[in-house]
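Asker: One file is attached below, query30.cif, containing mmCIF, C-alpha atoms.
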data_entry
loop_
_atom_site.label_atom_id
_atom_site.label_comp_id
_atom_site.auth_asym_id
_atom_site.auth_seq_id
_atom_site.Cartn_x
_atom_site.Cartn_y
_atom_site.Cartn_z
CA MET A 1145 26.39 -32.79 -104.05
CA GLU A 1146 29.60 -30.88 -103.70
CA SER A 1147 27.79 -27.65 -104.32
CA THR A 1148 25.23 -28.58 -101.69
CA ALA A 1149 27.92 -29.40 -99.13
CA SER A 1150 29.76 -26.21 -99.87
CA HIS A 1151 26.49 -24.32 -99.63
CA ARG A 1152 25.85 -25.90 -96.22
CA LYS A 1153 29.31 -25.03 -95.08
CA ARG A 1154 28.76 -21.49 -96.14
CA TYR A 1155 25.27 -21.43 -94.59
CA PHE A 1156 26.33 -22.90 -91.22
CA LYS A 1157 29.49 -20.91 -90.92
CA HIS A 1158 30.10 -19.69 -87.42
CA GLY A 1159 29.48 -16.06 -86.85
CA SER A 1160 26.95 -15.72 -89.66
CA PRO A 1161 23.48 -14.37 -88.85
CA SER A 1162 21.74 -17.41 -90.33
CA TYR A 1163 23.72 -19.72 -88.07
CA GLU A 1164 22.90 -17.70 -84.98
CA ASP A 1165 19.20 -17.64 -85.89
CA ARG A 1166 19.20 -21.37 -86.44
CA LYS A 1167 20.94 -22.00 -83.14
CA GLU A 1168 18.51 -19.76 -81.27
CA ARG A 1169 15.51 -21.44 -82.93
CA HIS A 1170 16.86 -24.88 -82.00
CA HIS A 1171 17.44 -23.82 -78.38
CA HIS A 1172 13.93 -22.38 -78.18
CA LYS A 1173 12.43 -25.55 -79.61
CA SER A 1174 14.33 -27.84 -77.18
CA SER A 1175 13.38 -25.71 -74.15
CA HIS A 1176 9.76 -25.75 -75.30
CA LYS A 1177 9.94 -29.51 -75.48
CA ARG A 1178 11.21 -29.68 -71.93
CA ARG A 1179 8.41 -27.52 -70.68
CA ARG A 1180 5.90 -29.70 -72.46
CA HIS A 1181 7.61 -32.72 -70.93
CA LYS A 1182 7.31 -31.23 -67.46
CA THR A 1183 3.65 -30.44 -67.92
CA ARG A 1184 3.05 -33.83 -69.45
CA SER A 1185 4.68 -35.55 -66.41
CA ARG A 1186 1.97 -34.14 -64.17
CA SER A 1187 -0.88 -35.41 -66.38
CA PRO A 1188 -2.31 -38.98 -66.12
CA SER A 1189 -1.02 -39.75 -69.63
CA GLY A 1190 2.59 -39.54 -68.41
CA SER A 1191 2.56 -43.23 -67.50
CA LEU A 1192 2.47 -44.28 -71.22
CA SER A 1193 5.51 -46.06 -72.55
CA ALA A 1194 7.76 -44.76 -75.31
CA HIS A 1195 6.24 -47.16 -77.87
CA ASP A 1196 2.67 -45.96 -77.20
CA ARG A 1197 3.54 -42.30 -77.76
CA LYS A 1198 3.37 -40.79 -81.30
CA PRO A 1199 6.56 -39.41 -82.77
CA PRO A 1200 6.78 -35.64 -82.88
CA VAL A 1201 5.85 -33.87 -86.11
CA VAL A 1202 8.32 -31.27 -87.38
CA TYR A 1203 6.99 -28.70 -89.80
CA MET A 1204 9.54 -27.11 -92.13
CA ASN A 1205 9.44 -24.61 -94.90
CA PRO A 1206 9.61 -26.42 -98.26
CA ALA A 1207 12.05 -23.82 -99.52
CA PHE A 1208 14.53 -24.83 -96.88
CA GLN A 1209 13.75 -28.56 -96.84
CA GLN A 1210 16.78 -29.58 -98.94
CA VAL A 1211 19.05 -27.25 -97.03
CA TYR A 1212 17.95 -28.37 -93.60
CA GLY A 1213 17.25 -32.03 -94.33
CA SER A 1214 20.36 -33.59 -92.88
CA SER A 1215 20.52 -31.25 -89.83
CA SER A 1216 16.84 -31.89 -88.97
CA ILE A 1217 17.41 -35.64 -89.00
CA VAL A 1218 20.28 -35.29 -86.53
CA ALA A 1219 18.19 -33.02 -84.27
CA THR A 1220 15.25 -35.43 -84.38
CA GLN A 1221 17.41 -38.36 -83.26
CA ALA A 1222 18.78 -36.31 -80.36
CA ASP A 1223 15.27 -35.31 -79.36
CA ILE A 1224 14.13 -38.92 -79.46
CA GLU A 1225 17.00 -40.02 -77.23
CA MET A 1226 16.32 -37.19 -74.82
CA ARG A 1227 12.62 -38.02 -74.80
CA THR A 1228 13.41 -41.68 -74.09
CA THR A 1229 15.60 -40.74 -71.12
CA LEU A 1230 12.97 -38.33 -69.84
CA ILE A 1231 10.27 -41.00 -70.12
CA GLY A 1232 12.47 -43.39 -68.09
CA GLN A 1233 13.01 -40.72 -65.47
CA LEU A 1234 9.27 -40.04 -65.44
CA SER A 1235 8.49 -43.73 -64.81
CA ALA A 1236 11.10 -43.80 -62.02
CA TYR A 1237 9.55 -40.68 -60.50
CA GLU A 1238 6.09 -42.21 -60.70
CA GLN A 1239 7.34 -45.33 -58.93
CA ARG A 1240 8.93 -43.10 -56.32
CA ILE A 1241 5.62 -41.21 -55.93
CA SER A 1242 3.68 -44.47 -55.45
CA SER A 1243 6.19 -45.66 -52.83
CA LEU A 1244 5.97 -42.29 -51.07
CA GLU A 1245 2.17 -42.49 -51.12
CA SER A 1246 2.30 -45.96 -49.56
CA GLU A 1247 4.73 -44.64 -46.94
CA LEU A 1248 2.37 -41.70 -46.35
CA ARG A 1249 -0.55 -44.06 -45.79
CA ALA A 1250 1.56 -46.14 -43.38
CA ALA A 1251 2.59 -42.94 -41.58
CA GLN A 1252 -1.06 -41.86 -41.29
CA LEU A 1253 -1.98 -45.26 -39.82
CA ALA A 1254 0.92 -44.99 -37.37
CA ARG A 1255 -0.25 -41.48 -36.50
CA GLY A 1256 -3.76 -42.76 -35.79
CA ARG A 1257 -2.38 -45.49 -33.54
CA ALA A 1258 -0.15 -42.96 -31.78
CA GLU A 1259 -3.13 -40.64 -31.21
CA GLN A 1260 -5.09 -43.58 -29.74
CA VAL A 1261 -2.17 -44.37 -27.43
CA VAL A 1262 -1.97 -40.69 -26.40
CA TYR A 1263 -5.71 -40.68 -25.65
CA GLU A 1264 -5.39 -43.82 -23.51
CA VAL A 1265 -2.37 -42.38 -21.67
CA ASN A 1266 -4.28 -39.15 -20.94
CA ALA A 1267 -7.27 -41.14 -19.65
CA GLU A 1268 -4.98 -43.17 -17.40
CA LYS A 1269 -3.35 -39.97 -16.20
CA LEU A 1270 -6.73 -38.47 -15.28
CA ARG A 1271 -7.68 -41.66 -13.44
CA VAL A 1272 -4.40 -41.63 -11.50
CA GLU A 1273 -4.88 -37.96 -10.62
CA SER A 1274 -8.40 -38.62 -9.32
CA HIS A 1275 -7.09 -41.58 -7.31
CA ASN A 1276 -4.33 -39.37 -5.92
CA SER A 1277 -6.88 -36.74 -4.88
CA GLU A 1278 -8.90 -39.41 -3.07
CA ILE A 1279 -5.74 -40.62 -1.32
CA VAL A 1280 -4.95 -37.04 -0.27
CA GLN A 1281 -8.43 -36.61 1.18
CA VAL A 1282 -8.10 -39.90 3.09
CA MET A 1283 -4.71 -38.76 4.43
CA LYS A 1284 -6.17 -35.48 5.61
CA THR A 1285 -9.03 -37.32 7.28
CA LEU A 1286 -6.55 -39.63 9.01
CA GLU A 1287 -4.44 -36.67 10.15
CA ARG A 1288 -7.52 -35.01 11.62
CA ALA A 1289 -8.43 -38.29 13.35
CA VAL A 1290 -4.88 -38.55 14.76
CA GLU A 1291 -5.10 -34.99 16.08
CA ASP A 1292 -8.47 -35.75 17.68
CA LEU A 1293 -7.06 -38.89 19.28
CA GLN A 1294 -4.07 -36.93 20.59
CA ASN A 1295 -6.40 -34.33 22.07
CA ASP A 1296 -8.52 -37.09 23.63
CA LEU A 1297 -5.39 -38.68 25.05
CA LYS A 1298 -4.29 -35.38 26.54
CA SER A 1299 -7.71 -34.75 28.07
CA ALA A 1300 -7.77 -38.32 29.42
CA SER A 1301 -4.34 -37.86 30.99
CA ASP A 1302 -5.49 -34.58 32.58
CA GLU A 1303 -8.64 -36.28 33.82
CA SER A 1304 -6.62 -39.17 35.26
CA GLY A 1305 -4.33 -36.71 37.08
CA ARG A 1306 -7.33 -34.88 38.50
CA ARG A 1307 -8.94 -38.15 39.56
CA GLN A 1308 -5.65 -39.20 41.16
CA LEU A 1309 -5.62 -36.00 43.21
CA GLU A 1310 -9.22 -36.62 44.21
CA LEU A 1311 -8.34 -40.17 45.23
CA GLU A 1312 -5.47 -38.88 47.34
CA ASN A 1313 -7.79 -36.38 49.03
CA VAL A 1314 -10.38 -39.12 49.65
CA GLU A 1315 -7.71 -41.37 51.14
CA LYS A 1316 -6.55 -38.54 53.40
CA ASN A 1317 -10.13 -37.93 54.52
CA LEU A 1318 -10.61 -41.65 55.16
CA ALA A 1319 -7.44 -41.77 57.23
CA SER A 1320 -8.51 -38.72 59.23
CA SER A 1321 -11.99 -40.19 59.81
CA ARG A 1322 -10.45 -43.48 60.97
CA GLU A 1323 -8.19 -41.63 63.38
CA GLN A 1324 -11.13 -39.61 64.63
CA ASN A 1325 -13.21 -42.74 65.16
CA SER A 1326 -10.42 -44.45 67.05
CA PHE A 1327 -9.88 -41.34 69.15
CA LEU A 1328 -13.60 -41.07 69.97
CA SER A 1329 -13.82 -44.75 70.89
CA GLU A 1330 -10.81 -44.46 73.20
CA ARG A 1331 -12.23 -41.32 74.76
CA ASN A 1332 -15.59 -42.98 75.33
CA MET A 1333 -13.90 -45.92 77.02
CA LYS A 1334 -11.97 -43.54 79.24
CA LEU A 1335 -15.15 -41.63 80.04
CA VAL A 1336 -16.96 -44.82 81.01
CA LYS A 1337 -14.06 -45.96 83.17
CA ASN A 1338 -13.80 -42.56 84.84
CA PHE A 1339 -17.53 -42.48 85.37
CA TYR A 1340 -17.57 -45.88 87.06
CA VAL A 1341 -14.52 -45.04 89.14
CA CYS A 1342 -16.00 -41.72 90.23
CA PHE A 1343 -19.36 -43.28 90.97
CA CYS A 1344 -17.84 -46.09 93.02
CA CYS A 1345 -15.61 -43.72 94.95
CA TYR A 1346 -18.44 -41.31 95.59
CA PHE A 1347 -20.80 -44.13 96.62
CA PHE A 1348 -18.32 -45.76 98.96
CA ILE A 1349 -17.35 -42.43 100.55
CA PHE A 1350 -20.92 -41.49 101.25
CA ARG A 1351 -21.73 -45.04 102.35
CA ARG A 1352 -18.79 -45.01 104.69
CA ASP A 1353 -19.45 -41.54 106.12
CA GLU A 1354 -23.18 -40.99 105.91
CA SER A 1355 -24.73 -44.14 104.54
CA ALA A 1356 -28.01 -43.66 106.31
CA ARG A 1357 -28.29 -39.92 105.82
CA GLU A 1358 -27.16 -39.83 102.21
CA LEU A 1359 -29.22 -42.79 101.09
CA ALA A 1360 -32.21 -40.63 100.22
CA GLU A 1361 -29.95 -38.16 98.40
CA VAL A 1362 -28.05 -40.84 96.53
CA ARG A 1363 -31.20 -42.43 95.14
CA PRO A 1364 -32.29 -39.45 93.01
CA ARG A 1365 -28.74 -38.97 91.88
CA ILE A 1366 -28.59 -42.63 90.91
CA GLU A 1367 -31.73 -42.12 88.89
CA ALA A 1368 -30.15 -39.06 87.25
CA LEU A 1369 -27.06 -41.08 86.49
CA GLN A 1370 -29.18 -43.85 85.01
CA ALA A 1371 -30.88 -41.28 82.79
CA ASP A 1372 -27.45 -39.97 81.88
CA LEU A 1373 -26.37 -43.52 81.08
CA ARG A 1374 -29.40 -43.99 78.88
CA LEU A 1375 -28.53 -40.74 77.13
CA ARG A 1376 -24.96 -41.91 76.69
CA ALA A 1377 -26.19 -45.26 75.37
CA GLU A 1378 -28.35 -43.43 72.87
CA GLU A 1379 -25.41 -41.30 71.88
CA ASN A 1380 -23.25 -44.40 71.53
CA ARG A 1381 -25.92 -45.92 69.32
CA LYS A 1382 -25.91 -42.79 67.17
CA LEU A 1383 -22.14 -42.92 67.02
CA SER A 1384 -22.27 -46.56 65.94
CA VAL A 1385 -24.77 -45.62 63.23
CA GLU A 1386 -22.44 -42.85 62.06
CA ILE A 1387 -19.53 -45.27 62.11
CA ARG A 1388 -21.50 -47.71 59.98
CA SER A 1389 -22.38 -44.89 57.58
CA PHE A 1390 -18.70 -43.97 57.43
CA GLU A 1391 -17.84 -47.59 56.72
CA ASP A 1392 -20.46 -47.66 53.97
CA LYS A 1393 -18.99 -44.49 52.52
CA GLU A 1394 -15.56 -46.04 52.75
CA ARG A 1395 -16.75 -49.09 50.80
CA VAL A 1396 -18.37 -46.85 48.20
CA TRP A 1397 -15.19 -44.82 47.88
CA LYS A 1398 -13.11 -47.97 47.54
CA LYS A 1399 -15.46 -49.21 44.83
CA GLU A 1400 -15.23 -45.87 43.02
CA LYS A 1401 -11.47 -46.01 43.38
CA THR A 1402 -11.31 -49.49 41.79
CA ASP A 1403 -13.66 -48.36 39.00
CA LEU A 1404 -11.52 -45.32 38.31
CA GLU A 1405 -8.36 -47.43 38.33
CA LYS A 1406 -9.95 -49.85 35.85
CA ARG A 1407 -11.02 -46.99 33.59
CA ILE A 1408 -7.55 -45.46 33.77
CA GLU A 1409 -5.96 -48.85 32.93
CA ILE A 1410 -8.35 -49.27 29.97
CA LYS A 1411 -7.55 -45.78 28.71
CA ASP A 1412 -3.82 -46.42 29.13
CA ALA A 1413 -4.12 -49.72 27.22
CA VAL A 1414 -6.11 -48.05 24.44
CA ALA A 1415 -3.60 -45.20 24.24
CA THR A 1416 -0.69 -47.69 24.14
CA ALA A 1417 -2.37 -49.72 21.39
CA GLU A 1418 -3.10 -46.58 19.39
CA ARG A 1419 0.48 -45.40 19.82
CA LYS A 1420 1.75 -48.81 18.69
CA ASN A 1421 -0.57 -48.82 15.69
CA ASN A 1422 0.48 -45.29 14.78
CA ASP A 1423 4.16 -46.22 15.01
CA GLU A 1424 3.65 -49.30 12.84
CA TRP A 1425 1.62 -47.30 10.37
CA LYS A 1426 4.32 -44.63 10.21
CA ARG A 1427 7.06 -47.17 9.66
CA LYS A 1428 5.03 -49.08 7.09
CA HIS A 1429 3.84 -46.12 5.04
CA LEU A 1430 6.83 -43.78 5.27
CA ALA A 1431 7.92 -44.31 1.68
CA GLU A 1432 4.33 -44.22 0.48
CA LYS A 1433 3.78 -41.01 2.37
CA ALA A 1434 6.81 -39.40 0.72
CA GLU A 1435 5.56 -40.48 -2.70
CA LEU A 1436 2.07 -39.24 -1.94
CA GLU A 1437 3.46 -35.93 -0.69
CA ARG A 1438 5.30 -35.52 -3.95
CA LYS A 1439 2.14 -36.33 -5.89
CA VAL A 1440 0.17 -33.99 -3.64
CA LYS A 1441 2.61 -31.19 -4.41
CA LEU A 1442 2.17 -31.88 -8.11
CA ALA A 1443 -1.62 -32.08 -7.85
CA GLU A 1444 -2.01 -29.28 -5.28
CA PRO A 1445 -3.49 -26.72 -7.72
CA ASP A 1446 -6.17 -29.19 -8.82
CA ILE A 1447 -6.89 -30.12 -5.21
CA ASN A 1448 -7.22 -26.47 -4.20
CA ARG A 1449 -9.64 -25.92 -7.04
CA ALA A 1450 -11.59 -29.06 -6.09
CA LEU A 1451 -12.05 -28.11 -2.43
CA ASP A 1452 -15.13 -25.96 -1.80
CA ALA A 1453 -16.43 -23.96 1.12
CA GLU A 1454 -19.33 -26.34 1.84
CA SER A 1455 -17.11 -29.30 2.75
CA ILE A 1456 -14.91 -27.10 4.96
CA LYS A 1457 -18.01 -25.74 6.72
CA LYS A 1458 -19.34 -29.26 7.28
CA ALA A 1459 -16.01 -30.41 8.76
CA ILE A 1460 -15.93 -27.38 11.10
CA GLU A 1461 -19.50 -28.07 12.25
CA ASP A 1462 -18.64 -31.73 12.93
CA VAL A 1463 -15.59 -30.75 14.99
CA ARG A 1464 -17.63 -28.12 16.87
CA ALA A 1465 -20.41 -30.63 17.67
CA PHE A 1466 -17.87 -33.20 18.86
CA TYR A 1467 -16.17 -30.77 21.24
CA GLU A 1468 -19.50 -29.39 22.51
CA GLN A 1469 -20.55 -32.94 23.37
CA LYS A 1470 -17.19 -33.52 25.06
CA LEU A 1471 -17.55 -30.27 27.03
CA SER A 1472 -21.07 -31.17 28.21
CA TYR A 1473 -19.83 -34.58 29.33
CA MET A 1474 -16.95 -33.01 31.30
CA LEU A 1475 -19.32 -30.46 32.91
CA ASN A 1476 -21.67 -33.26 34.02
CA GLU A 1477 -18.78 -35.16 35.58
CA LEU A 1478 -17.62 -31.97 37.31
CA GLU A 1479 -21.11 -31.41 38.77
CA THR A 1480 -21.25 -34.98 40.09
CA LEU A 1481 -17.82 -34.61 41.70
CA LYS A 1482 -18.87 -31.30 43.30
CA LYS A 1483 -21.99 -32.97 44.73
CA LYS A 1484 -19.88 -35.81 46.14
CA SER A 1485 -17.43 -33.38 47.74
CA SER A 1486 -20.31 -31.37 49.28
CA LEU A 1487 -21.80 -34.58 50.72
CA LYS A 1488 -18.42 -35.48 52.20
CA GLU A 1489 -18.10 -32.03 53.80
CA THR A 1490 -21.59 -32.27 55.34
CA GLY A 1491 -20.76 -35.73 56.77
CA PHE A 1492 -17.56 -34.44 58.36
CA SER A 1493 -19.31 -31.34 59.78
CA SER A 1494 -22.07 -33.51 61.36
CA ALA A 1495 -19.41 -35.73 62.95
CA ASN A 1496 -17.63 -32.67 64.41
CA SER A 1497 -20.89 -31.24 65.82
CA SER A 1498 -21.75 -34.55 67.53
CA ASN A 1499 -18.30 -34.72 69.09
CA GLU A 1500 -18.61 -31.17 70.41
CA ARG A 1501 -22.06 -31.91 71.87
CA LEU A 1502 -20.65 -34.92 73.72
CA GLU A 1503 -17.88 -32.82 75.15
CA LEU A 1504 -20.25 -30.07 76.32
CA GLU A 1505 -22.55 -32.52 78.12
CA LYS A 1506 -19.76 -33.67 80.45
CA SER A 1507 -19.78 -31.95 83.81
CA GLY A 1508 -18.49 -32.19 87.35
CA ARG A 1509 -15.33 -33.81 88.49
CA SER A 1510 -15.06 -36.20 85.57
CA GLU A 1511 -14.91 -33.20 83.19
CA LEU A 1512 -12.00 -31.80 85.12
CA GLU A 1513 -10.19 -35.14 85.03
CA TYR A 1514 -10.32 -35.76 81.26
CA ARG A 1515 -10.57 -32.15 80.03
CA SER A 1516 -6.87 -32.08 79.17
CA SER A 1517 -7.15 -35.18 76.97
CA SER A 1518 -10.42 -34.25 75.19
CA ALA A 1519 -8.82 -32.32 72.28
CA PRO A 1520 -8.17 -34.35 69.12
CA PRO A 1521 -4.58 -34.79 67.96
CA ALA A 1522 -2.99 -32.34 65.51
CA SER A 1523 -3.09 -34.83 62.62
CA ILE A 1524 -6.90 -35.19 62.90
CA SER A 1525 -7.52 -31.44 63.08
CA ASN A 1526 -5.23 -30.86 60.11
CA GLY A 1527 -7.05 -33.60 58.15
CA LEU A 1528 -10.43 -32.02 58.91
CA LEU A 1529 -9.20 -28.59 57.86
CA SER A 1530 -7.78 -29.94 54.59
CA SER A 1531 -11.01 -31.84 53.85
CA SER A 1532 -13.12 -28.72 54.51
CA GLU A 1533 -10.85 -26.65 52.27
CA ASN A 1534 -11.10 -29.27 49.53
#
Represent the structure from my file as structure tokens, please.

Answerer:
Amino acid sequence: MESTASHRKRYFKHGSPSYEDRKERHHHKSSHKRRRHKTRSRSPSGSLSAHDRKPPVVYMNPAFQQVYGSSSIVATQADIEMRTTLIGQLSAYEQRISSLESELRAAQLARGRAEQVVYEVNAEKLRVESHNSEIVQVMKTLERAVEDLQNDLKSASDESGRRQLELENVEKNLASSREQNSFLSERNMKLVKNFYVCFCCYFFIFRRDESARELAEVRPRIEALQADLRLRAEENRKLSVEIRSFEDKERVWKKEKTDLEKRIEIKDAVATAERKNNDEWKRKHLAEKAELERKVKLAEPDINRALDAESIKKAIEDVRAFYEQKLSYMLNELETLKKKSSLKETGFSSANSSNERLELEKSGRSELEYRSSSAPPASISNGLLSSSEN
């Protein structure tokens, strides 16, 4: 035993080549075991316990069995302890892998739910964008309607101003015709009075001076005067007919004036109501308009892509048809007003011609007596001139 121990001491002496070879072989064997352990941890058999595994088999040279007996026993115990620790670590790692796999499955489920939520959010976003585009189109339609209403209001105000001027001209013409009628009636009364006075004076003078001699001469003159009186009565009848026609025209003009005033009041009421509604709508939807403008700015590229030339063309054709209809209506009204003004001018010209004919038929002494007062006043002549110019 002593010789064996001394032999081992000599054999395992540090620095000897046999010791270095043994140490290198042991290191190589342990590293090889680790590699096998690593490869074994990846295989399905790595989950076996330490009791189920077979102990490692160490093959030794029989020549060196007595020499290396004690050292191999020590190395085998160390390897067993190391293997036990590695098996424990392997089981811990496998538990960690199973927990990570469960976490991975939970993460995949969460990812699926998140993708579903993202899909729903995108669908809601598309729906909101389409709704915003519809709102933008409605706003544009309302803006165009507001512009059309403003244009209609402006045209109505212009039309009311023009009708007001026409009413003023009609009133001036009515006033001038009234003055002319009053002047003609007064002049006719004066003519009748002058005629009777002249006739009485002439009759009494001739009756006083030459009643017998002038009786035969007075009789034909009396007949001529009676014919003249009949002519004057006929002319007075015509004048009364003209006066009645003027009165009828005056009633018609008054009726047209009331109708125009009613239409103007209706248009003013409609314009006031529309202005009130527009103000309320502006106050009510100011915040909404700002929000919609912001959304419109965000969705403007999509809106520009969505608008096509066909819809723009259709809108232009609708606007063109509307204004052509409006223009035709205004032209028809203008033609009717021109016809009315021409009828008024013809009525005034016929009245002037009849007055001149009455003045030219006067003769003799009576013409000299009322010639200075036969001209109409300046206001009547100015009214006739203004009506003819209109």

Asker: If you measure from CA of Glu1315 (chain A) to CA of Thr1402 (chain A), what distance in Å do you get, rounded to one decimal?

Answerer: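 Separation of CA of Glu1315 (chain A) and CA of Thr1402 (chain A): 12.9 Å.
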
Asker: Do you have the CA of Arg1331 (chain A)-CA of Val1314 (chain A) distance handy?

Answerer: 25.3 Å

Asker: Distance CA of Leu1286 (chain A)-CA of Ile1410 (chain A), one decimal place?

Answerer: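 Interatomic distance here is 23.1 Å.
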